[in-house]
>>> print(open('upload_25.cif').read())   # mmCIF, N, CA and C atoms
data_input
#
loop_
_atom_site.label_atom_id
_atom_site.label_comp_id
_atom_site.auth_asym_id
_atom_site.auth_seq_id
_atom_site.Cartn_x
_atom_site.Cartn_y
_atom_site.Cartn_z
N MET S 132 1.94 -7.26 32.60
CA MET S 132 1.01 -6.16 32.85
C MET S 132 0.45 -5.66 31.53
N ARG S 133 -0.84 -5.40 31.52
CA ARG S 133 -1.51 -4.94 30.30
C ARG S 133 -2.40 -3.75 30.67
N PRO S 134 -1.79 -2.56 30.89
CA PRO S 134 -2.58 -1.39 31.29
C PRO S 134 -3.59 -0.99 30.21
N PRO S 135 -4.65 -0.29 30.61
CA PRO S 135 -4.98 0.08 31.98
C PRO S 135 -5.42 -1.14 32.80
N LEU S 136 -5.25 -0.98 34.10
CA LEU S 136 -5.53 -2.09 35.02
C LEU S 136 -6.81 -1.83 35.80
N PRO S 137 -7.51 -2.90 36.18
CA PRO S 137 -8.68 -2.71 37.04
C PRO S 137 -8.26 -2.29 38.44
N PRO S 138 -9.15 -1.67 39.20
CA PRO S 138 -10.55 -1.38 38.84
C PRO S 138 -10.62 -0.23 37.83
N PHE S 139 -11.59 -0.35 36.90
CA PHE S 139 -11.72 0.63 35.83
C PHE S 139 -12.58 1.82 36.25
N ASP S 140 -12.19 2.99 35.75
CA ASP S 140 -13.06 4.16 35.80
C ASP S 140 -13.48 4.43 34.36
N LEU S 141 -14.25 5.49 34.13
CA LEU S 141 -14.76 5.75 32.79
C LEU S 141 -13.64 5.88 31.77
N GLU S 142 -12.64 6.66 32.08
CA GLU S 142 -11.56 6.88 31.11
C GLU S 142 -10.75 5.62 30.85
N SER S 143 -10.40 4.88 31.90
CA SER S 143 -9.58 3.68 31.69
C SER S 143 -10.38 2.59 30.97
N ALA S 144 -11.68 2.52 31.21
CA ALA S 144 -12.52 1.55 30.49
C ALA S 144 -12.58 1.90 29.00
N LYS S 145 -12.71 3.19 28.68
CA LYS S 145 -12.71 3.62 27.27
C LYS S 145 -11.39 3.27 26.60
N VAL S 146 -10.28 3.49 27.30
CA VAL S 146 -8.96 3.17 26.74
C VAL S 146 -8.85 1.67 26.47
N LYS S 147 -9.34 0.85 27.40
CA LYS S 147 -9.27 -0.60 27.24
C LYS S 147 -10.09 -1.05 26.03
N VAL S 148 -11.27 -0.47 25.84
CA VAL S 148 -12.14 -0.84 24.72
C VAL S 148 -11.48 -0.45 23.40
N LEU S 149 -10.94 0.75 23.33
CA LEU S 149 -10.30 1.19 22.09
C LEU S 149 -9.05 0.35 21.78
N ALA S 150 -8.31 -0.03 22.81
CA ALA S 150 -7.14 -0.89 22.59
C ALA S 150 -7.57 -2.24 22.02
N ALA S 151 -8.67 -2.78 22.53
CA ALA S 151 -9.18 -4.05 22.00
C ALA S 151 -9.61 -3.89 20.54
N GLU S 152 -10.34 -2.81 20.26
CA GLU S 152 -10.77 -2.56 18.88
C GLU S 152 -9.56 -2.47 17.95
N ASN S 153 -8.57 -1.71 18.35
CA ASN S 153 -7.37 -1.55 17.51
C ASN S 153 -6.68 -2.88 17.27
N ALA S 154 -6.56 -3.69 18.31
CA ALA S 154 -5.90 -4.99 18.16
C ALA S 154 -6.69 -5.90 17.21
N TRP S 155 -8.00 -5.98 17.41
CA TRP S 155 -8.82 -6.84 16.54
C TRP S 155 -8.77 -6.38 15.09
N ASN S 156 -8.68 -5.08 14.86
CA ASN S 156 -8.62 -4.59 13.48
C ASN S 156 -7.31 -4.92 12.77
N THR S 157 -6.30 -5.35 13.51
CA THR S 157 -5.07 -5.82 12.85
C THR S 157 -5.29 -7.18 12.21
N ARG S 158 -6.28 -7.92 12.68
CA ARG S 158 -6.55 -9.27 12.23
C ARG S 158 -5.32 -10.18 12.41
N ASP S 159 -4.58 -9.91 13.48
CA ASP S 159 -3.39 -10.70 13.82
C ASP S 159 -3.73 -11.55 15.04
N PRO S 160 -4.02 -12.85 14.84
CA PRO S 160 -4.44 -13.70 15.96
C PRO S 160 -3.47 -13.72 17.13
N GLU S 161 -2.17 -13.74 16.87
CA GLU S 161 -1.18 -13.77 17.95
C GLU S 161 -1.21 -12.48 18.76
N ARG S 162 -1.32 -11.35 18.08
CA ARG S 162 -1.37 -10.06 18.78
C ARG S 162 -2.62 -9.96 19.64
N VAL S 163 -3.76 -10.36 19.10
CA VAL S 163 -5.00 -10.31 19.86
C VAL S 163 -4.93 -11.25 21.06
N ALA S 164 -4.46 -12.46 20.85
CA ALA S 164 -4.42 -13.46 21.92
C ALA S 164 -3.51 -13.04 23.07
N ALA S 165 -2.52 -12.20 22.80
CA ALA S 165 -1.59 -11.76 23.85
C ALA S 165 -2.28 -10.95 24.94
N ALA S 166 -3.47 -10.44 24.68
CA ALA S 166 -4.21 -9.64 25.68
C ALA S 166 -5.02 -10.52 26.64
N TYR S 167 -4.97 -11.83 26.44
CA TYR S 167 -5.76 -12.77 27.24
C TYR S 167 -4.85 -13.64 28.10
N THR S 168 -5.37 -14.12 29.20
CA THR S 168 -4.60 -15.03 30.05
C THR S 168 -4.37 -16.35 29.32
N GLU S 169 -3.36 -17.09 29.76
CA GLU S 169 -3.06 -18.40 29.15
C GLU S 169 -4.25 -19.35 29.24
N ASP S 170 -5.10 -19.16 30.27
CA ASP S 170 -6.25 -20.04 30.46
C ASP S 170 -7.58 -19.30 30.29
N SER S 171 -7.57 -18.25 29.48
CA SER S 171 -8.78 -17.44 29.25
C SER S 171 -9.93 -18.32 28.75
N VAL S 172 -11.11 -18.06 29.29
CA VAL S 172 -12.32 -18.81 28.93
C VAL S 172 -13.15 -17.97 27.98
N TRP S 173 -13.54 -18.56 26.85
CA TRP S 173 -14.31 -17.85 25.83
C TRP S 173 -15.63 -18.55 25.52
N ARG S 174 -16.62 -17.72 25.27
CA ARG S 174 -17.82 -18.14 24.55
C ARG S 174 -17.96 -17.16 23.41
N ASN S 175 -17.97 -17.67 22.20
CA ASN S 175 -18.18 -16.84 21.01
C ASN S 175 -19.30 -17.48 20.21
N ARG S 176 -20.45 -16.82 20.18
CA ARG S 176 -21.64 -17.39 19.56
C ARG S 176 -21.91 -18.73 20.24
N ASP S 177 -21.79 -19.82 19.47
CA ASP S 177 -22.08 -21.15 20.01
C ASP S 177 -20.82 -21.98 20.26
N GLU S 178 -19.67 -21.31 20.28
CA GLU S 178 -18.41 -22.00 20.53
C GLU S 178 -17.90 -21.67 21.93
N PHE S 179 -17.37 -22.70 22.60
CA PHE S 179 -16.81 -22.56 23.94
C PHE S 179 -15.41 -23.15 23.91
N PHE S 180 -14.42 -22.39 24.38
CA PHE S 180 -13.06 -22.91 24.40
C PHE S 180 -12.23 -22.16 25.44
N THR S 181 -11.06 -22.70 25.73
CA THR S 181 -10.19 -22.16 26.77
C THR S 181 -8.76 -22.11 26.28
N GLY S 182 -8.08 -21.01 26.59
CA GLY S 182 -6.65 -20.90 26.36
C GLY S 182 -6.24 -20.11 25.13
N ARG S 183 -5.04 -19.56 25.20
CA ARG S 183 -4.51 -18.73 24.11
C ARG S 183 -4.39 -19.50 22.80
N ALA S 184 -3.93 -20.74 22.86
CA ALA S 184 -3.78 -21.51 21.61
C ALA S 184 -5.14 -21.66 20.92
N ALA S 185 -6.18 -21.91 21.70
CA ALA S 185 -7.52 -22.04 21.13
C ALA S 185 -8.00 -20.70 20.58
N ILE S 186 -7.63 -19.61 21.24
CA ILE S 186 -8.00 -18.27 20.74
C ILE S 186 -7.33 -18.03 19.40
N VAL S 187 -6.05 -18.34 19.29
CA VAL S 187 -5.34 -18.16 18.02
C VAL S 187 -5.98 -19.01 16.93
N ASP S 188 -6.29 -20.26 17.24
CA ASP S 188 -6.94 -21.14 16.25
C ASP S 188 -8.28 -20.56 15.81
N PHE S 189 -9.08 -20.12 16.77
CA PHE S 189 -10.39 -19.55 16.46
C PHE S 189 -10.25 -18.32 15.56
N LEU S 190 -9.39 -17.37 15.95
CA LEU S 190 -9.25 -16.13 15.18
C LEU S 190 -8.67 -16.39 13.79
N THR S 191 -7.76 -17.32 13.67
CA THR S 191 -7.21 -17.68 12.36
C THR S 191 -8.33 -18.18 11.45
N ARG S 192 -9.17 -19.04 11.97
CA ARG S 192 -10.30 -19.57 11.20
C ARG S 192 -11.30 -18.46 10.87
N LYS S 193 -11.59 -17.63 11.85
CA LYS S 193 -12.55 -16.52 11.68
C LYS S 193 -12.12 -15.61 10.54
N TRP S 194 -10.88 -15.15 10.60
CA TRP S 194 -10.43 -14.16 9.63
C TRP S 194 -10.06 -14.77 8.29
N SER S 195 -10.07 -16.10 8.18
CA SER S 195 -9.87 -16.71 6.86
C SER S 195 -11.15 -16.68 6.04
N SER S 196 -12.29 -16.48 6.70
CA SER S 196 -13.57 -16.43 5.97
C SER S 196 -14.26 -15.07 6.04
N GLU S 197 -13.90 -14.24 7.02
CA GLU S 197 -14.49 -12.90 7.14
C GLU S 197 -13.55 -11.91 6.46
N ASN S 198 -13.72 -11.75 5.16
CA ASN S 198 -12.85 -10.90 4.34
C ASN S 198 -13.23 -9.44 4.50
N GLY S 199 -12.22 -8.55 4.45
CA GLY S 199 -12.49 -7.12 4.55
C GLY S 199 -12.98 -6.70 5.92
N TYR S 200 -12.70 -7.50 6.94
CA TYR S 200 -13.17 -7.28 8.31
C TYR S 200 -12.77 -5.91 8.84
N ALA S 201 -13.75 -5.17 9.35
CA ALA S 201 -13.50 -3.88 10.01
C ALA S 201 -14.48 -3.74 11.17
N LEU S 202 -14.00 -3.37 12.34
CA LEU S 202 -14.73 -3.44 13.61
C LEU S 202 -14.79 -2.11 14.33
N ARG S 203 -15.90 -1.89 15.03
CA ARG S 203 -16.04 -0.78 15.98
C ARG S 203 -16.60 -1.35 17.27
N LYS S 204 -16.01 -0.93 18.40
CA LYS S 204 -16.49 -1.32 19.74
C LYS S 204 -16.85 -0.05 20.50
N ASP S 205 -17.89 -0.12 21.31
CA ASP S 205 -18.27 0.99 22.18
C ASP S 205 -18.46 0.47 23.60
N LEU S 206 -17.97 1.23 24.55
CA LEU S 206 -18.17 0.91 25.96
C LEU S 206 -19.66 0.94 26.27
N TRP S 207 -20.13 -0.09 26.94
CA TRP S 207 -21.53 -0.16 27.37
C TRP S 207 -21.65 0.09 28.87
N ALA S 208 -20.80 -0.61 29.64
CA ALA S 208 -20.83 -0.48 31.10
C ALA S 208 -19.51 -1.03 31.66
N PHE S 209 -19.23 -0.68 32.92
CA PHE S 209 -18.02 -1.19 33.57
C PHE S 209 -18.27 -1.20 35.07
N ASP S 210 -17.56 -2.09 35.77
CA ASP S 210 -17.63 -2.15 37.23
C ASP S 210 -16.44 -2.98 37.71
N GLY S 211 -15.58 -2.38 38.48
CA GLY S 211 -14.44 -3.12 39.03
C GLY S 211 -13.54 -3.65 37.95
N ASN S 212 -13.50 -4.98 37.81
CA ASN S 212 -12.64 -5.63 36.82
C ASN S 212 -13.42 -6.14 35.61
N ARG S 213 -14.63 -5.61 35.41
CA ARG S 213 -15.48 -6.06 34.30
C ARG S 213 -15.85 -4.90 33.40
N ILE S 214 -15.92 -5.21 32.10
CA ILE S 214 -16.35 -4.24 31.10
C ILE S 214 -17.33 -4.94 30.16
N ALA S 215 -18.38 -4.22 29.78
CA ALA S 215 -19.32 -4.71 28.77
C ALA S 215 -19.25 -3.76 27.57
N VAL S 216 -19.24 -4.34 26.38
CA VAL S 216 -19.19 -3.54 25.16
C VAL S 216 -20.27 -4.01 24.20
N ARG S 217 -20.63 -3.09 23.30
CA ARG S 217 -21.41 -3.47 22.13
C ARG S 217 -20.51 -3.20 20.94
N PHE S 218 -20.72 -3.95 19.88
CA PHE S 218 -19.85 -3.79 18.73
C PHE S 218 -20.59 -4.09 17.44
N GLN S 219 -20.02 -3.62 16.36
CA GLN S 219 -20.46 -3.94 15.01
C GLN S 219 -19.21 -4.14 14.18
N TYR S 220 -19.27 -5.11 13.29
CA TYR S 220 -18.20 -5.24 12.30
C TYR S 220 -18.81 -5.64 10.98
N GLU S 221 -18.10 -5.29 9.92
CA GLU S 221 -18.55 -5.61 8.57
C GLU S 221 -17.49 -6.45 7.89
N TRP S 222 -17.95 -7.32 7.01
CA TRP S 222 -17.07 -8.24 6.32
C TRP S 222 -17.82 -8.80 5.12
N HIS S 223 -17.09 -9.42 4.21
CA HIS S 223 -17.76 -10.11 3.11
C HIS S 223 -17.26 -11.54 3.03
N ASP S 224 -18.15 -12.39 2.54
CA ASP S 224 -17.81 -13.81 2.40
C ASP S 224 -17.13 -14.05 1.06
N GLU S 225 -16.86 -15.33 0.77
CA GLU S 225 -16.13 -15.67 -0.45
C GLU S 225 -16.91 -15.37 -1.73
N THR S 226 -18.24 -15.20 -1.62
CA THR S 226 -19.05 -14.87 -2.80
C THR S 226 -19.11 -13.36 -3.03
N GLY S 227 -18.59 -12.56 -2.08
CA GLY S 227 -18.66 -11.11 -2.19
C GLY S 227 -19.84 -10.50 -1.45
N GLN S 228 -20.68 -11.34 -0.81
CA GLN S 228 -21.82 -10.85 -0.03
C GLN S 228 -21.31 -10.16 1.23
N TRP S 229 -21.77 -8.92 1.48
CA TRP S 229 -21.40 -8.18 2.67
C TRP S 229 -22.33 -8.49 3.82
N TRP S 230 -21.79 -8.45 5.02
CA TRP S 230 -22.51 -8.72 6.26
C TRP S 230 -22.15 -7.66 7.28
N ARG S 231 -23.09 -7.32 8.15
CA ARG S 231 -22.81 -6.52 9.34
C ARG S 231 -23.14 -7.42 10.53
N SER S 232 -22.19 -7.58 11.41
CA SER S 232 -22.37 -8.42 12.59
C SER S 232 -22.51 -7.51 13.80
N TYR S 233 -23.59 -7.72 14.55
CA TYR S 233 -23.90 -6.94 15.75
C TYR S 233 -23.66 -7.82 16.96
N GLY S 234 -23.08 -7.25 18.02
CA GLY S 234 -22.86 -8.09 19.17
C GLY S 234 -22.64 -7.33 20.46
N ASN S 235 -22.62 -8.12 21.52
CA ASN S 235 -22.33 -7.65 22.87
C ASN S 235 -21.29 -8.59 23.46
N GLU S 236 -20.39 -8.03 24.25
CA GLU S 236 -19.38 -8.82 24.92
C GLU S 236 -19.34 -8.45 26.40
N GLN S 237 -19.03 -9.42 27.21
CA GLN S 237 -18.74 -9.19 28.62
C GLN S 237 -17.32 -9.67 28.84
N TRP S 238 -16.52 -8.79 29.45
CA TRP S 238 -15.10 -9.09 29.69
C TRP S 238 -14.82 -9.07 31.19
N GLU S 239 -13.93 -9.97 31.62
CA GLU S 239 -13.45 -9.98 32.99
C GLU S 239 -11.92 -10.01 32.96
N PHE S 240 -11.29 -9.17 33.80
CA PHE S 240 -9.84 -8.99 33.77
C PHE S 240 -9.18 -9.42 35.07
N THR S 241 -7.92 -9.83 34.95
CA THR S 241 -7.07 -10.10 36.11
C THR S 241 -6.53 -8.77 36.63
N PRO S 242 -5.96 -8.75 37.84
CA PRO S 242 -5.35 -7.51 38.35
C PRO S 242 -4.23 -6.99 37.43
N GLU S 243 -3.63 -7.88 36.61
CA GLU S 243 -2.55 -7.48 35.69
C GLU S 243 -3.09 -6.91 34.38
N GLY S 244 -4.41 -6.86 34.23
CA GLY S 244 -5.01 -6.27 33.03
C GLY S 244 -5.20 -7.21 31.86
N LEU S 245 -4.96 -8.50 32.07
CA LEU S 245 -5.23 -9.49 31.02
C LEU S 245 -6.68 -9.96 31.12
N MET S 246 -7.28 -10.24 29.98
CA MET S 246 -8.67 -10.70 29.99
C MET S 246 -8.71 -12.20 30.29
N SER S 247 -9.43 -12.56 31.35
CA SER S 247 -9.52 -13.96 31.75
C SER S 247 -10.83 -14.61 31.27
N ARG S 248 -11.78 -13.78 30.86
CA ARG S 248 -13.07 -14.31 30.38
C ARG S 248 -13.64 -13.36 29.34
N ARG S 249 -14.18 -13.95 28.26
CA ARG S 249 -14.85 -13.19 27.20
C ARG S 249 -16.08 -13.98 26.78
N GLU S 250 -17.24 -13.34 26.86
CA GLU S 250 -18.47 -13.95 26.40
C GLU S 250 -19.08 -13.04 25.35
N ALA S 251 -19.33 -13.57 24.14
CA ALA S 251 -19.83 -12.76 23.04
C ALA S 251 -21.08 -13.38 22.43
N SER S 252 -22.08 -12.54 22.25
CA SER S 252 -23.29 -12.91 21.51
C SER S 252 -23.31 -12.06 20.25
N ILE S 253 -23.51 -12.70 19.10
CA ILE S 253 -23.36 -12.00 17.82
C ILE S 253 -24.45 -12.46 16.85
N ASN S 254 -25.00 -11.49 16.11
CA ASN S 254 -25.95 -11.77 15.03
C ASN S 254 -25.43 -11.14 13.75
N ASP S 255 -25.63 -11.84 12.63
CA ASP S 255 -25.19 -11.35 11.32
C ASP S 255 -26.39 -10.92 10.49
N VAL S 256 -26.24 -9.76 9.83
CA VAL S 256 -27.29 -9.23 8.96
C VAL S 256 -26.69 -9.01 7.58
N ARG S 257 -27.34 -9.54 6.57
CA ARG S 257 -26.89 -9.35 5.19
C ARG S 257 -27.10 -7.88 4.81
N ILE S 258 -26.08 -7.26 4.22
CA ILE S 258 -26.20 -5.88 3.76
C ILE S 258 -25.68 -5.78 2.32
N ALA S 259 -26.13 -4.75 1.63
CA ALA S 259 -25.57 -4.44 0.32
C ALA S 259 -24.26 -3.70 0.53
N GLU S 260 -23.35 -3.81 -0.41
CA GLU S 260 -22.08 -3.11 -0.28
C GLU S 260 -22.30 -1.60 -0.11
N SER S 261 -23.35 -1.07 -0.73
CA SER S 261 -23.66 0.36 -0.62
C SER S 261 -24.11 0.77 0.78
N GLU S 262 -24.47 -0.21 1.63
CA GLU S 262 -24.91 0.07 3.01
C GLU S 262 -23.75 0.06 4.01
N ARG S 263 -22.56 -0.24 3.56
CA ARG S 263 -21.42 -0.29 4.47
C ARG S 263 -21.19 1.07 5.11
N ARG S 264 -20.72 1.04 6.37
CA ARG S 264 -20.37 2.29 7.05
C ARG S 264 -19.10 2.16 7.89
N ILE S 265 -18.49 1.00 7.89
CA ILE S 265 -17.23 0.81 8.60
C ILE S 265 -16.17 0.47 7.57
N PHE S 266 -15.21 1.35 7.40
CA PHE S 266 -14.18 1.19 6.37
C PHE S 266 -12.81 1.21 7.02
N GLY S 267 -12.35 0.08 7.49
CA GLY S 267 -11.03 0.01 8.09
C GLY S 267 -11.01 0.51 9.53
N PRO S 268 -9.80 0.57 10.11
CA PRO S 268 -9.65 1.01 11.50
C PRO S 268 -10.16 2.44 11.70
N ARG S 269 -10.53 2.72 12.93
CA ARG S 269 -11.02 4.05 13.31
C ARG S 269 -9.92 5.10 13.10
N GLU S 270 -10.31 6.25 12.60
CA GLU S 270 -9.38 7.36 12.42
C GLU S 270 -9.02 7.94 13.79
N ALA S 271 -7.82 8.44 13.94
CA ALA S 271 -7.40 9.08 15.19
C ALA S 271 -8.36 10.22 15.53
N GLY S 272 -8.80 10.27 16.77
CA GLY S 272 -9.72 11.32 17.21
C GLY S 272 -11.18 11.01 16.97
N ASP S 273 -11.49 9.93 16.25
CA ASP S 273 -12.89 9.55 15.99
C ASP S 273 -13.42 8.78 17.19
N GLU S 274 -14.30 9.41 17.96
CA GLU S 274 -14.88 8.75 19.11
C GLU S 274 -16.38 8.56 18.91
N SER S 275 -16.80 8.44 17.65
CA SER S 275 -18.22 8.32 17.36
C SER S 275 -18.82 7.07 17.99
N VAL S 276 -20.07 7.17 18.31
CA VAL S 276 -20.82 6.07 18.89
C VAL S 276 -21.49 5.31 17.75
N LEU S 277 -21.60 4.00 17.92
CA LEU S 277 -22.23 3.18 16.89
C LEU S 277 -23.70 3.52 16.73
N PRO S 278 -24.19 3.53 15.50
CA PRO S 278 -25.64 3.70 15.30
C PRO S 278 -26.38 2.48 15.86
N GLN S 279 -27.64 2.64 16.15
CA GLN S 279 -28.44 1.54 16.70
C GLN S 279 -28.66 0.43 15.67
N GLN S 280 -28.71 0.77 14.40
CA GLN S 280 -28.94 -0.25 13.38
C GLN S 280 -27.83 -0.34 12.40
#
>>> encode(input="upload_25.cif", output="structure tokens")
Amino acid sequence: MRPPLPPFDLESAKVKVLAAENAWNTRDPERVAAAYTEDSVWRNRDEFFTGRAAIVDFLTRKWSSENGYALRKDLWAFDGNRIAVRFQYEWHDETGQWWRSYGNEQWEFTPEGLMSRREASINDVRIAESERRIFGPREAGDESVLPQQ
């Protein structure tokens, strides 16, 4: 069981989104993958894969090149066992160039609260270090909404 469980209402959907944000900000592939079913289906940008082992492999590779990764997710919509989010994260590459990645995700959950499907579309924008606005995990009580740009 991975509460909150579907069907989601506004409060439980917000809790689920913040839990996902917190887990991803640990940059721990095993911890993140534990929130997904053993046969979870993913689309991330142009990659398609299935299963927890593939999720761990993907996240390990992702976080080996996205240095200083810090993420914010915001609830976009929810219905029954589905949640849609928009997100932004910032990171720098091996040359020190900073990036802000903008994206949308669609999630589908089992009755036990595990995510069985994740589809993510993401675009990267080069930014100067002085343009950064996401510095580590969200502070307790910070429920700010992401800026449009």
>>> select_by_dssp(input="upload_25.cif", residues="chain S", states="helix (DSSP H, G or I)", output="ChimeraX atom specification")
/S:141-157,160-164,183-196,260-262
>>> residues_around(input="upload_25.cif", residues="region 175-191 of chain S", least_positions_apart="3", cutoff="8 Å", atoms="only C-alpha atoms", output="PyMOL selection string")
chain S and resi 158+160-161+164-165+167-172+194-195+249-253
>>> select_by_dssp(input="upload_25.cif", residues="chain S", states="strand (DSSP E)", output="PyMOL selection string")
chain S and resi 167-175+178-181+198-210+213-223+229-240+246-258
>>> closest_residue(input="upload_25.cif", among="S:Arg192, S:Lys204, S:Arg263, S:Arg162", to="Val146 (chain S)", atoms="only C-alpha atoms")
S:Lys204
>>> resolve_selection(input="upload_25.cif", expression="the PyMOL selection byres ((chain S and resi 214-230) around 8)", output="ChimeraX atom specification")
/S:144,148,195-213,231-240,255-260,263-266,277
>>> atom_distance(input="upload_25.cif", atom1="CA of Lys193 (chain S)", atom2="CA of Lys145 (chain S)")
25.5 Å
>>> atom_distance(input="upload_25.cif", atom1="CA of Glu243 (chain S)", atom2="CA of Arg269 (chain S)")
26.6 Å
>>> closest_residue(input="upload_25.cif", among="S:Ala154, S:Ser261, S:Met246, S:Asp159", to="Arg133 (chain S)", atoms="only C-alpha atoms")
S:Met246
>>> atom_distance(input="upload_25.cif", atom1="atom N of Arg248 (chain S)", atom2="atom C of Val163 (chain S)")
12.2 Å
>>> decode(input="upload_25.cif", residues="region 211-222 of chain S", atoms="N, CA, C and O atoms", output="compact mmCIF listing (two decimals), in the first residue's frame")
# COMPACT_ATOMS: atom_id res chain seq x y z
N GLY S 211 -10.25 10.30 -10.49
CA GLY S 211 -10.22 8.88 -10.15
C GLY S 211 -8.83 8.43 -9.74
O GLY S 211 -8.31 8.85 -8.72
N ASN S 212 -8.21 7.58 -10.57
CA ASN S 212 -6.88 7.05 -10.26
C ASN S 212 -5.78 7.71 -11.10
O ASN S 212 -4.68 7.16 -11.22
N ARG S 213 -6.07 8.88 -11.65
CA ARG S 213 -5.10 9.58 -12.49
C ARG S 213 -4.80 10.97 -11.95
O ARG S 213 -5.69 11.66 -11.44
N ILE S 214 -3.53 11.36 -12.11
CA ILE S 214 -3.08 12.69 -11.73
C ILE S 214 -2.20 13.23 -12.85
O ILE S 214 -1.40 12.49 -13.42
N ALA S 215 -2.37 14.52 -13.15
CA ALA S 215 -1.49 15.21 -14.10
C ALA S 215 -0.75 16.30 -13.34
O ALA S 215 -1.34 16.99 -12.50
N VAL S 216 0.55 16.42 -13.61
CA VAL S 216 1.36 17.44 -12.96
C VAL S 216 2.15 18.20 -14.01
O VAL S 216 2.39 17.72 -15.11
N ARG S 217 2.54 19.41 -13.62
CA ARG S 217 3.56 20.14 -14.37
C ARG S 217 4.73 20.28 -13.43
O ARG S 217 4.58 20.26 -12.20
N PHE S 218 5.92 20.36 -13.99
CA PHE S 218 7.10 20.43 -13.14
C PHE S 218 8.20 21.23 -13.80
O PHE S 218 8.18 21.48 -15.01
N GLN S 219 9.13 21.65 -12.97
CA GLN S 219 10.36 22.29 -13.41
C GLN S 219 11.48 21.74 -12.54
O GLN S 219 11.28 21.50 -11.35
N TYR S 220 12.62 21.52 -13.15
CA TYR S 220 13.80 21.20 -12.35
C TYR S 220 15.00 21.87 -12.97
O TYR S 220 15.01 22.20 -14.15
N GLU S 221 15.99 22.12 -12.13
CA GLU S 221 17.22 22.76 -12.57
C GLU S 221 18.39 21.83 -12.27
O GLU S 221 18.36 21.08 -11.30
N TRP S 222 19.39 21.92 -13.11
CA TRP S 222 20.56 21.06 -13.00
C TRP S 222 21.67 21.66 -13.84
O TRP S 222 21.43 22.55 -14.65
